[in-house]
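Text of model_23.cif, listed as mmCIF, C-alpha atoms:
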data_data
#
loop_
_atom_site.label_atom_id
_atom_site.label_comp_id
_atom_site.auth_asym_id
_atom_site.auth_seq_id
_atom_site.Cartn_x
_atom_site.Cartn_y
_atom_site.Cartn_z
CA MET A 440 113.89 113.71 90.03
CA ALA A 441 112.43 110.51 88.62
CA THR A 442 113.67 109.34 85.25
CA ALA A 443 111.09 106.65 84.53
CA SER A 444 110.28 106.07 80.90
CA ASN A 445 107.06 107.49 79.47
CA THR A 446 106.80 105.30 76.41
CA VAL A 447 103.62 105.87 74.45
CA ARG A 448 102.08 102.57 73.46
CA ARG A 449 101.19 102.50 69.80
CA GLY A 450 100.21 98.84 69.56
CA THR A 451 96.65 97.61 69.40
CA VAL A 452 96.73 95.66 72.68
CA LEU A 453 96.80 97.76 75.84
CA PRO A 454 98.19 96.34 79.09
CA VAL A 455 94.72 96.39 80.68
CA ASP A 456 93.27 94.46 77.73
CA ALA A 457 96.08 91.90 77.81
CA ALA A 458 95.50 91.36 81.54
CA ARG A 459 91.74 90.99 81.10
CA TRP A 460 92.16 88.52 78.26
CA ALA A 461 94.68 86.50 80.26
CA MET A 462 92.39 86.45 83.30
CA TRP A 463 89.25 85.50 81.40
CA THR A 464 91.13 82.88 79.39
CA PHE A 465 92.20 81.34 82.69
CA VAL A 466 88.63 81.44 84.02
CA ILE A 467 87.05 79.99 80.86
CA ALA A 468 89.67 77.25 80.58
CA ASN A 469 89.01 76.16 84.15
CA ALA A 470 85.24 76.35 83.64
CA VAL A 471 85.60 74.00 80.67
CA ILE A 472 87.69 71.60 82.76
CA VAL A 473 85.05 71.64 85.51
CA GLU A 474 82.34 70.89 82.95
CA VAL A 475 84.34 67.93 81.67
CA LEU A 476 84.89 66.66 85.21
CA PHE A 477 81.18 66.98 85.93
CA LEU A 478 80.16 65.05 82.81
CA SER A 479 82.81 62.36 83.25
CA ALA A 480 81.94 61.73 86.92
CA GLY A 481 78.49 60.38 86.05
CA SER A 482 75.13 61.20 87.55
CA GLY A 483 74.24 61.41 91.22
CA LYS A 484 71.73 59.34 93.18
CA ASN A 485 68.89 61.19 91.47
CA GLY A 486 68.46 64.06 89.03
CA VAL A 487 68.20 66.74 91.71
CA LEU A 488 71.44 65.66 93.36
CA THR A 489 73.16 65.62 89.96
CA ILE A 490 72.18 69.25 89.44
CA ALA A 491 73.25 70.02 93.02
CA LYS A 492 76.70 68.62 92.24
CA PHE A 493 76.87 70.84 89.16
CA PHE A 494 76.28 73.95 91.26
CA GLY A 495 78.66 72.72 93.94
CA LEU A 496 81.54 72.35 91.49
CA HIS A 497 80.95 75.82 90.11
CA ALA A 498 80.72 77.27 93.63
CA ALA A 499 84.19 75.88 94.31
CA LEU A 500 85.49 77.47 91.12
CA LEU A 501 83.94 80.83 92.06
CA MET A 502 85.58 80.68 95.50
CA LEU A 503 88.98 80.15 93.93
CA PHE A 504 88.38 83.02 91.51
CA GLN A 505 87.46 85.20 94.50
CA LEU A 506 90.84 84.47 96.06
CA LEU A 507 92.72 85.44 92.90
CA LEU A 508 90.82 88.73 92.59
CA VAL A 509 91.93 89.88 96.06
CA ALA A 510 95.39 88.31 96.07
CA ARG A 511 96.89 91.65 94.94
CA LEU A 512 99.01 89.98 92.29
CA PRO A 513 101.31 92.73 90.96
CA TRP A 514 100.88 91.80 87.29
CA LEU A 515 97.10 92.10 87.48
CA ASP A 516 97.00 95.05 89.87
CA ARG A 517 99.28 97.26 87.77
CA ARG A 518 97.28 96.60 84.62
CA ILE A 519 93.69 96.42 85.85
CA GLY A 520 93.80 98.29 89.16
CA MET A 521 92.75 97.28 92.65
CA ASP A 522 89.50 99.25 92.39
CA ARG A 523 88.22 97.28 89.40
CA LEU A 524 89.43 93.97 90.82
CA THR A 525 87.58 94.79 94.05
CA VAL A 526 84.38 95.58 92.16
CA TRP A 527 84.61 92.26 90.32
CA HIS A 528 85.28 90.54 93.64
CA ARG A 529 82.08 92.06 95.00
CA TRP A 530 79.88 90.91 92.12
CA VAL A 531 81.49 87.47 91.95
CA GLY A 532 80.79 87.28 95.69
CA PHE A 533 77.06 87.76 95.20
CA LEU A 534 77.10 85.23 92.34
CA LEU A 535 78.87 82.84 94.71
CA LEU A 536 76.19 83.45 97.34
CA TRP A 537 73.34 82.39 95.03
CA THR A 538 75.33 79.47 93.66
CA VAL A 539 76.03 78.17 97.17
CA LEU A 540 72.41 78.64 98.27
CA THR A 541 71.16 76.86 95.14
CA HIS A 542 73.60 74.00 95.74
CA ALA A 543 72.58 73.66 99.39
CA THR A 544 68.85 73.81 98.64
CA LEU A 545 69.12 71.20 95.89
CA VAL A 546 71.16 68.87 98.13
CA VAL A 547 68.48 68.97 100.84
CA LEU A 548 65.70 68.60 98.25
CA GLY A 549 67.49 65.71 96.51
CA TYR A 550 67.98 63.71 99.70
CA ALA A 551 64.43 64.55 100.83
CA ASN A 552 63.12 63.03 97.59
CA LEU A 553 65.47 60.08 97.94
CA ASP A 554 64.37 59.30 101.51
CA ASP A 555 60.75 60.39 101.02
CA ALA A 556 61.12 62.79 103.97
CA SER A 557 60.43 66.45 104.59
CA MET A 558 63.16 69.00 103.83
CA GLY A 559 63.27 70.00 107.50
CA LYS A 560 63.98 66.45 108.70
CA THR A 561 66.46 65.95 105.87
CA PHE A 562 68.30 69.16 106.79
CA VAL A 563 68.62 68.01 110.41
CA ALA A 564 69.81 64.58 109.31
CA LEU A 565 72.43 66.04 106.97
CA SER A 566 73.72 68.30 109.72
CA GLY A 567 74.82 65.16 111.52
CA VAL A 568 77.09 64.19 108.62
CA PRO A 569 80.53 65.84 109.02
CA ALA A 570 81.01 66.61 105.32
CA SER A 571 77.55 68.16 105.02
CA LEU A 572 77.93 70.08 108.29
CA LEU A 573 81.12 71.69 107.03
CA GLY A 574 79.33 72.77 103.88
CA MET A 575 76.44 74.21 105.92
CA LEU A 576 78.83 76.20 108.10
CA ALA A 577 80.65 77.54 105.05
CA ALA A 578 77.34 78.55 103.47
CA ALA A 579 76.25 80.30 106.68
CA VAL A 580 79.45 82.33 106.81
CA ILE A 581 79.08 83.32 103.15
CA VAL A 582 75.50 84.48 103.81
CA VAL A 583 76.65 86.62 106.77
CA ILE A 584 79.42 88.22 104.68
CA ALA A 585 77.01 88.90 101.83
CA VAL A 586 74.52 90.56 104.18
CA ILE A 587 77.06 92.91 105.77
CA SER A 588 78.40 93.74 102.28
CA THR A 589 75.08 95.11 101.05
CA ARG A 590 75.33 98.86 100.62
CA PRO A 591 72.90 99.91 103.42
CA LEU A 592 74.76 97.89 106.07
CA ARG A 593 78.22 98.49 104.65
CA ARG A 594 77.77 102.26 104.92
CA ARG A 595 76.85 101.98 108.59
CA LEU A 596 79.89 99.95 109.59
CA ARG A 597 83.37 101.31 110.19
CA TYR A 598 85.81 99.94 107.66
CA GLU A 599 87.83 98.15 110.34
CA VAL A 600 84.69 96.37 111.66
CA TRP A 601 83.50 95.43 108.19
CA HIS A 602 86.96 94.23 107.17
CA GLY A 603 87.34 92.11 110.31
CA LEU A 604 84.02 90.41 109.65
CA HIS A 605 84.86 90.05 105.97
CA LEU A 606 87.96 88.06 106.91
CA LEU A 607 85.58 85.28 107.94
CA LEU A 608 85.48 84.52 104.23
CA TYR A 609 88.79 82.71 104.69
CA VAL A 610 87.14 80.54 107.33
CA ALA A 611 84.41 79.75 104.81
CA LEU A 612 87.02 78.87 102.21
CA GLY A 613 88.77 76.50 104.59
CA LEU A 614 85.49 74.83 105.49
CA SER A 615 84.58 74.57 101.81
CA PHE A 616 87.92 73.00 100.97
CA VAL A 617 87.50 70.28 103.61
CA HIS A 618 83.85 69.85 102.57
CA GLN A 619 84.90 69.26 98.98
CA LEU A 620 87.72 66.99 100.08
CA GLU A 621 85.27 64.84 102.05
CA GLU A 622 82.81 64.70 99.14
CA THR A 623 84.59 62.01 97.13
CA THR A 624 82.24 62.43 94.15
CA THR A 625 84.14 65.62 93.20
CA PHE A 626 87.66 65.34 94.60
CA ALA A 627 88.22 61.64 93.97
CA SER A 628 86.06 60.93 90.93
CA SER A 629 89.30 60.31 88.98
CA ALA A 630 93.06 60.69 89.37
CA PHE A 631 92.95 63.75 87.11
CA ALA A 632 90.14 65.32 89.17
CA THR A 633 92.12 64.84 92.39
CA ALA A 634 95.27 66.37 90.89
CA TYR A 635 93.33 69.22 89.28
CA TRP A 636 91.50 70.32 92.44
CA TRP A 637 94.62 70.06 94.59
CA VAL A 638 96.63 72.17 92.14
CA LEU A 639 93.85 74.76 91.82
CA TRP A 640 93.33 75.16 95.57
CA LEU A 641 97.08 75.31 96.24
CA LEU A 642 97.53 77.85 93.45
CA ALA A 643 94.74 80.09 94.77
CA PHE A 644 95.80 79.93 98.43
CA GLY A 645 99.45 80.30 97.40
CA ALA A 646 98.67 83.44 95.40
CA LEU A 647 96.72 84.90 98.31
CA LEU A 648 99.40 84.18 100.90
CA THR A 649 102.13 85.49 98.60
CA GLY A 650 100.39 88.73 97.67
CA ARG A 651 98.74 89.56 100.98
CA VAL A 652 101.20 88.18 103.56
CA ALA A 653 104.61 87.03 102.32
CA MET A 654 105.38 89.91 99.94
CA PRO A 655 104.44 92.75 102.35
CA LEU A 656 106.39 91.12 105.19
CA TRP A 657 109.44 90.56 103.02
CA ARG A 658 109.42 94.07 101.57
CA ASN A 659 109.17 95.69 104.98
CA ALA A 660 111.93 93.51 106.39
CA TYR A 661 114.12 94.28 103.37
CA HIS A 662 113.47 98.03 103.04
CA ARG A 663 112.93 98.88 106.74
CA PHE A 664 110.73 101.91 106.10
CA SER A 665 110.81 104.76 108.62
CA VAL A 666 109.59 108.35 108.93
CA ALA A 667 112.25 110.82 107.78
CA ALA A 668 110.25 114.06 108.09
CA VAL A 669 106.75 115.40 108.67
CA VAL A 670 105.95 118.66 106.86
CA PRO A 671 102.62 120.51 107.27
CA GLU A 672 101.43 121.76 103.88
CA SER A 673 98.44 123.69 105.31
CA ASP A 674 96.21 123.66 108.38
CA HIS A 675 94.58 120.40 107.27
CA VAL A 676 97.18 118.77 104.99
CA VAL A 677 100.50 117.16 105.86
CA SER A 678 103.28 115.45 103.92
CA VAL A 679 105.18 112.52 105.39
CA TYR A 680 108.59 111.63 103.98
CA ILE A 681 109.58 107.96 104.23
CA THR A 682 113.08 106.60 103.97
CA GLY A 683 114.48 103.08 103.95
CA ARG A 684 117.07 100.74 102.53
CA HIS A 685 117.46 99.78 98.85
CA LEU A 686 114.48 101.90 97.79
CA ASP A 687 115.80 101.87 94.23
CA LYS A 688 114.64 98.24 94.12
CA LEU A 689 111.07 99.03 95.21
CA PRO A 690 108.88 98.55 92.07
CA ALA A 691 106.91 101.78 92.49
CA ARG A 692 105.69 104.18 89.81
CA ALA A 693 104.29 107.68 89.92
CA GLY A 694 100.50 107.57 90.27
CA GLN A 695 100.44 104.49 92.47
CA PHE A 696 99.39 104.30 96.11
CA CYS A 697 100.43 102.31 99.15
CA ILE A 698 98.58 101.15 102.24
CA TRP A 699 100.29 102.77 105.21
CA ARG A 700 100.49 101.72 108.84
CA PHE A 701 102.54 103.37 111.57
CA PRO A 702 103.14 100.86 114.40
CA GLY A 703 103.38 102.44 117.82
CA HIS A 704 101.44 105.50 116.69
CA ASN A 705 98.18 103.86 115.66
CA HIS A 706 96.63 100.44 116.19
CA TRP A 707 97.94 97.88 113.71
CA TRP A 708 94.51 97.43 112.13
CA LEU A 709 94.23 101.14 111.27
CA ALA A 710 95.51 101.62 107.73
CA ASN A 711 94.89 104.08 104.94
CA PRO A 712 95.61 104.09 101.22
CA PHE A 713 97.57 107.23 100.36
CA SER A 714 98.97 108.01 96.93
CA LEU A 715 102.63 108.76 96.43
CA SER A 716 102.79 112.55 96.10
CA ALA A 717 106.27 112.50 94.59
CA ALA A 718 107.68 110.25 91.89
CA PRO A 719 109.66 107.42 93.50
CA GLY A 720 113.25 107.85 92.47
CA GLY A 721 115.00 105.46 94.84
CA GLN A 722 115.83 108.05 97.50
CA GLY A 723 112.58 108.05 99.45
CA LEU A 724 108.80 108.08 99.33
CA ARG A 725 106.34 110.83 100.13
CA LEU A 726 102.66 110.76 100.98
CA THR A 727 100.47 113.84 101.33
CA ALA A 728 97.18 113.48 103.17
CA LYS A 729 94.23 115.62 104.19
CA ALA A 730 92.92 115.26 107.75
CA ALA A 731 89.74 113.33 106.96
CA GLY A 732 89.86 110.63 109.65
CA SER A 733 91.62 109.60 112.84
CA VAL A 734 94.61 108.10 111.02
CA SER A 735 95.18 110.91 108.51
CA ALA A 736 94.54 113.61 111.12
CA GLY A 737 97.21 112.14 113.38
CA LEU A 738 99.94 112.02 110.73
CA ARG A 739 101.30 115.44 111.68
CA ASN A 740 102.14 113.99 115.10
CA LEU A 741 104.26 111.13 113.76
CA PRO A 742 107.65 111.02 115.48
CA VAL A 743 110.59 111.29 113.11
CA GLY A 744 112.44 107.98 113.04
CA SER A 745 109.38 105.88 113.85
CA ARG A 746 108.75 102.75 111.80
CA ALA A 747 106.33 102.62 108.92
CA PHE A 748 104.73 99.46 107.56
CA VAL A 749 104.04 99.84 103.85
CA GLU A 750 101.95 97.56 101.64
CA GLY A 751 102.25 98.07 97.94
CA PRO A 752 102.75 99.88 95.70
CA TYR A 753 99.36 99.26 94.09
CA GLY A 754 97.31 100.71 91.29
CA ALA A 755 97.07 101.11 87.53
CA PHE A 756 96.95 104.93 87.53
CA THR A 757 100.34 105.19 85.81
CA SER A 758 102.00 106.10 82.53
CA LEU A 759 102.10 102.38 81.69
CA HIS A 760 98.73 102.94 80.02
CA ARG A 761 99.59 105.98 77.90
CA THR A 762 98.48 105.76 74.29
CA ARG A 763 98.92 109.37 73.06
CA PRO A 764 101.82 111.87 73.11
CA GLY A 765 99.68 114.52 74.82
CA THR A 766 98.34 114.17 78.36
CA LEU A 767 95.54 115.87 80.29
CA LEU A 768 95.76 115.49 84.08
CA ILE A 769 92.59 116.41 85.99
CA ALA A 770 92.68 116.61 89.79
CA GLY A 771 90.31 117.70 92.51
CA GLY A 772 91.44 118.64 96.02
CA VAL A 773 93.96 116.27 97.52
CA GLY A 774 93.58 114.16 94.37
CA ILE A 775 96.42 116.31 93.07
CA THR A 776 98.93 114.03 94.85
CA PRO A 777 99.24 111.26 92.21
CA VAL A 778 98.97 113.89 89.47
CA ARG A 779 101.86 115.83 90.99
CA ALA A 780 103.94 112.63 91.07
CA MET A 781 103.11 111.89 87.42
CA LEU A 782 104.19 115.41 86.45
CA GLU A 783 107.56 114.76 88.05
CA GLU A 784 107.93 111.49 86.16
CA GLN A 785 106.79 112.86 82.79
CA ALA A 786 109.92 114.09 81.07
CA THR A 787 108.46 114.52 77.58
CA GLY A 788 105.17 115.18 75.87
CA ASP A 789 102.57 117.95 75.90
CA VAL A 790 100.83 118.17 79.28
CA VAL A 791 97.82 120.13 80.51
CA VAL A 792 96.65 120.15 84.14
CA LEU A 793 93.17 121.07 85.38
CA TYR A 794 93.19 121.53 89.16
CA ARG A 795 89.80 121.96 90.82
CA VAL A 796 89.59 123.53 94.30
CA ARG A 797 87.22 125.83 96.17
CA SER A 798 89.82 128.56 96.48
CA GLU A 799 93.51 128.98 95.72
CA ALA A 800 94.20 128.67 99.45
CA ASP A 801 92.86 125.10 99.29
CA ALA A 802 95.19 124.12 96.43
CA VAL A 803 97.57 121.61 98.01
CA LEU A 804 101.11 121.51 96.55
CA LEU A 805 100.16 124.29 94.10
CA ASN A 806 103.64 125.82 93.88
CA GLU A 807 105.21 122.44 93.19
CA VAL A 808 102.64 121.74 90.48
CA ARG A 809 103.22 125.15 88.89
CA ASP A 810 106.98 124.62 88.82
CA LEU A 811 106.69 121.14 87.30
CA VAL A 812 104.20 122.27 84.65
CA ALA A 813 106.40 125.23 83.73
CA LEU A 814 109.48 123.01 83.55
CA ARG A 815 107.69 120.84 80.99
CA GLY A 816 106.29 123.72 79.01
CA GLY A 817 102.75 122.71 79.88
CA ARG A 818 99.60 124.57 80.91
CA LEU A 819 97.93 124.73 84.31
CA HIS A 820 94.30 125.80 84.77
CA LEU A 821 93.33 126.39 88.40
CA LEU A 822 89.53 126.06 88.57
CA THR A 823 88.20 127.69 91.73
CA GLY A 824 84.75 128.29 93.18
CA ARG A 825 81.90 126.16 94.44
CA THR A 826 80.06 123.82 92.10
CA GLY A 827 76.67 125.17 91.12
CA GLU A 828 77.49 128.84 91.70
CA GLY A 829 76.11 129.75 88.29
CA GLY A 830 77.83 129.67 84.94
CA THR A 831 78.95 126.63 82.99
CA PRO A 832 79.75 123.45 84.97
CA PRO A 833 83.56 123.26 85.26
CA PHE A 834 83.71 119.74 83.83
CA GLY A 835 80.85 119.88 81.37
CA PRO A 836 81.74 119.07 77.76
CA ASP A 837 81.71 122.74 76.74
CA SER A 838 84.09 123.73 79.54
CA LEU A 839 86.46 120.84 78.88
CA HIS A 840 86.57 121.56 75.15
CA ARG A 841 87.16 125.27 75.76
CA LEU A 842 90.05 124.61 78.14
CA VAL A 843 91.57 121.78 76.12
CA PRO A 844 90.45 121.99 72.46
CA ASP A 845 92.43 118.88 71.45
CA ILE A 846 91.12 116.81 74.36
CA THR A 847 90.12 113.87 72.13
CA GLU A 848 93.78 113.53 71.09
CA ARG A 849 95.08 113.16 74.65
CA ASP A 850 95.29 110.57 77.37
CA VAL A 851 93.15 111.83 80.24
CA TYR A 852 93.96 110.96 83.87
CA VAL A 853 91.30 111.82 86.46
CA CYS A 854 91.71 111.78 90.24
CA GLY A 855 89.41 113.49 92.70
CA PRO A 856 86.27 113.16 94.81
CA PRO A 857 83.68 110.69 93.46
CA ALA A 858 81.20 113.40 92.39
CA MET A 859 83.88 115.28 90.48
CA THR A 860 85.18 112.11 88.85
CA ARG A 861 81.67 111.18 87.69
CA ALA A 862 81.18 114.67 86.23
CA VAL A 863 84.49 114.51 84.37
CA LEU A 864 83.83 111.04 82.97
CA ALA A 865 80.37 112.13 81.81
CA GLY A 866 81.89 115.15 80.07
CA LEU A 867 84.52 112.99 78.39
CA ARG A 868 81.85 110.60 77.13
CA ASP A 869 79.87 113.52 75.67
CA LEU A 870 83.02 114.69 73.90
CA ARG A 871 83.56 111.13 72.59
CA VAL A 872 87.03 110.80 74.07
CA PRO A 873 87.98 107.16 73.33
CA ALA A 874 87.61 104.98 76.42
CA ARG A 875 91.11 103.58 75.98
CA GLN A 876 92.47 107.11 76.55
CA VAL A 877 90.59 107.68 79.83
CA HIS A 878 92.23 106.58 83.09
CA ALA A 879 90.56 106.91 86.49
CA GLU A 880 91.01 104.94 89.69
CA LYS A 881 89.46 104.92 93.14
CA PHE A 882 92.07 104.96 95.88
CA ASN A 883 90.23 103.11 98.63
CA LEU A 884 90.15 99.68 100.22
CA ALA A 885 86.50 98.69 99.81
#
Starting from the file, give its structure as structure tokens.
Amino acid sequence: MATASNTVRRGTVLPVDAARWAMWTFVIANAVIVEVLFLSAGSGKNGVLTIAKFFGLHAALLMLFQLLLVARLPWLDRRIGMDRLTVWHRWVGFLLLWTVLTHATLVVLGYANLDDASMGKTFVALSGVPASLLGMLAAAVIVVIAVISTRPLRRRLRYEVWHGLHLLLYVALGLSFVHQLEETTTFASSAFATAYWWVLWLLAFGALLTGRVAMPLWRNAYHRFSVAAVVPESDHVVSVYITGRHLDKLPARAGQFCIWRFPGHNHWWLANPFSLSAAPGGQGLRLTAKAAGSVSAGLRNLPVGSRAFVEGPYGAFTSLHRTRPGTLLIAGGVGITPVRAMLEEQATGDVVVLYRVRSEADAVLLNEVRDLVALRGGRLHLLTGRTGEGGTPPFGPDSLHRLVPDITERDVYVCGPPAMTRAVLAGLRDLRVPARQVHAEKFNLA
């Protein structure tokens, strides 16, 4: 059984707030430096080109920020969560799109005014200049990525297809780097500017390569994960037990998830984020998954002893963010898996569990949850039935207050289908549960 500490934070600064402040301080400090570099470099050949340079410098800064948001840096991920970082990455991406398009349009317009030529002829002429051509290609790739990332198209593409196309962003970043390097007005305007941009690009690419490539490869080489057992939990749910070397040194916490691949059983590009369904205690890992896709459905056929490739652990859905002695854990369906792991980790404190399923037969790991709740002297409410079958909504404010009268005095962890999570969060807002006590996370890749 896990023995991780469940320290309740009584200070005024939560880990998520500290991470956000650190991140935004970094962003603002670099924005100020870019402004200083822009002002100290002098004006361009005309006013339009000067403004174009302004947008170009900020486009470069946004690209670097994009890299940091998806670098999966452990310090940020465990405090903010991959889901929120991904959402920010998405919105920064659309801001980057309009910044790049504005920069490109102003460059063409500025040179058209300078040469007294049409924008069409100027565009063709600039495409013959290597530095400008690289910038055009980078902009074109960014436009393509932005288009396929709009919700209507994104929903029609398989994740693997969308992700493969999205990786073209790194091509755009490489083109943008060389484009900026060739444009001496930004990279070589001063010795400080040259040093600053080199350090910033190396830092961003270094963070990305460390978090997304080097760390996963090293951890898998060091731990050598493999399948120890495959246990069907029901007709549609299976648990996979993973073993390996030195697992006591794997920095995993209950509530987190990993991205799992099983080489030789599935194609290497097929991966799924599954939560740890047992608290990591150094002896092994366990995932429990419902057959919802080709990868999860095939887990029950995994050969014992086969290799597993594990990325992570990731996520901020942990006791690191506890602020109150009492805890309310709300789960829906297979969302019980991180909740079950947190129950195993939680050695002290008053705990209440609300478990929402259609019927008791659909309640995955129910006996384990019952035993853990009883061991901790807590309360378990199994909420069955279909939503909308009359009566009070199961997660409306009245229902929540009836089941947990002291709900405003507890930390609330929510994990379940999107519709259920939205209903719970709405009920918590109506009950005026402080936002700092509410913890919810989406366990997906995009």
With only C-alpha atoms counted, which protein, DNA or RNA residues have an atom no more than 12 Å from (85.0, 94.4, 107.9) in the file frame? Please answer as a short mmCIF file (atom, residue, chain, number, x, y, z; two decimals) with C-alpha atoms, keeping the file's coordinate frame.
data_model
loop_
_atom_site.label_atom_id
_atom_site.label_comp_id
_atom_site.auth_asym_id
_atom_site.auth_seq_id
_atom_site.Cartn_x
_atom_site.Cartn_y
_atom_site.Cartn_z
CA VAL A 583 76.65 86.62 106.77
CA ILE A 584 79.42 88.22 104.68
CA ALA A 585 77.01 88.90 101.83
CA VAL A 586 74.52 90.56 104.18
CA ILE A 587 77.06 92.91 105.77
CA SER A 588 78.40 93.74 102.28
CA LEU A 592 74.76 97.89 106.07
CA ARG A 593 78.22 98.49 104.65
CA ARG A 594 77.77 102.26 104.92
CA ARG A 595 76.85 101.98 108.59
CA LEU A 596 79.89 99.95 109.59
CA ARG A 597 83.37 101.31 110.19
CA TYR A 598 85.81 99.94 107.66
CA GLU A 599 87.83 98.15 110.34
CA VAL A 600 84.69 96.37 111.66
CA TRP A 601 83.50 95.43 108.19
CA HIS A 602 86.96 94.23 107.17
CA GLY A 603 87.34 92.11 110.31
CA LEU A 604 84.02 90.41 109.65
CA HIS A 605 84.86 90.05 105.97
CA LEU A 606 87.96 88.06 106.91
CA LEU A 607 85.58 85.28 107.94
CA LEU A 608 85.48 84.52 104.23
CA TRP A 708 94.51 97.43 112.13
CA LEU A 709 94.23 101.14 111.27
CA LEU A 884 90.15 99.68 100.22
CA ALA A 885 86.50 98.69 99.81
#
Would you kindly translate the PyMOL selection byres ((chain A and resi 813-826) around 6) into the concrete residues it picks from this file, as a PyMOL selection string? chain A and resi 790-798+810-812+827-828
Judged by only C-alpha atoms, the minimum distance to A:Val568 among A:Pro742, A:His618, A:Val531, A:Leu648 is found for A:His618
Explicit residues for the PyMOL selection byres ((chain A and resi 775-784) around 8) (as a VMD selection string): chain A and resid 440 to 445 693 to 696 714 to 718 726 to 727 757 to 758 768 to 774 785 to 786 794 803 to 804 807 to 808 811 to 812 854 to 855
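Atom CA of A:Ala755 lies 24.3 Å from atom CA of A:Tyr661.
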Could you write out as a short mmCIF file (atom, residue, chain, number, x, y, z; two decimals) with C-alpha atoms, in the frame of the given file the residues that the PyMOL selection byres ((chain A and resi 699) around 9) matches in the shown file?
data_model
loop_
_atom_site.label_atom_id
_atom_site.label_comp_id
_atom_site.auth_asym_id
_atom_site.auth_seq_id
_atom_site.Cartn_x
_atom_site.Cartn_y
_atom_site.Cartn_z
CA CYS A 697 100.43 102.31 99.15
CA ILE A 698 98.58 101.15 102.24
CA ARG A 700 100.49 101.72 108.84
CA PHE A 701 102.54 103.37 111.57
CA LEU A 709 94.23 101.14 111.27
CA ALA A 710 95.51 101.62 107.73
CA ASN A 711 94.89 104.08 104.94
CA PRO A 712 95.61 104.09 101.22
CA PHE A 713 97.57 107.23 100.36
CA ALA A 747 106.33 102.62 108.92
CA PHE A 748 104.73 99.46 107.56
CA VAL A 749 104.04 99.84 103.85
CA GLU A 750 101.95 97.56 101.64
CA GLY A 751 102.25 98.07 97.94
#
Kindly assemble as CSV a list of the stretch 595-706 of chain A residues that lie within 10 Å of stretch 466-472 of chain A, each paired with its nearest atom pair and their distance in Å to one decimal, using all atoms listed in the file, sorted first by chain and then by ascending residue number.
residue,atom,partner,partner_atom,distance
A:Ala632,CA,A:Ile472,CA,9.3
A:Tyr635,CA,A:Ile472,CA,8.9
A:Leu639,CA,A:Asn469,CA,9.2
Write to file, as an mmCIF file, keeping the file's coordinate frame, the residues of the selection just made, with C-alpha atoms.
data_model
loop_
_atom_site.group_PDB
_atom_site.id
_atom_site.type_symbol
_atom_site.label_atom_id
_atom_site.label_comp_id
_atom_site.auth_asym_id
_atom_site.auth_seq_id
_atom_site.Cartn_x
_atom_site.Cartn_y
_atom_site.Cartn_z
ATOM 1 C CA ALA A 632 90.140 65.320 89.170
ATOM 2 C CA TYR A 635 93.330 69.220 89.280
ATOM 3 C CA LEU A 639 93.850 74.760 91.820
#
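The nearest approach to A:Val582 among the residues A:Leu540, A:Ala556, A:Leu614, A:Ile681, with only C-alpha atoms taken into account, belongs to A:Leu540.
Residue nearest A:Leu620 within the list A:Ser665, A:Ala499, A:Asp845, A:Leu515: A:Ala499 [criterion: smallest interatomic distance, only C-alpha atoms].
The smallest atom-to-atom distance between A:Arg868 and any of A:Ser479, A:Gly835, A:Leu689, A:Val669, using all atoms listed in the file, is found for A:Gly835.
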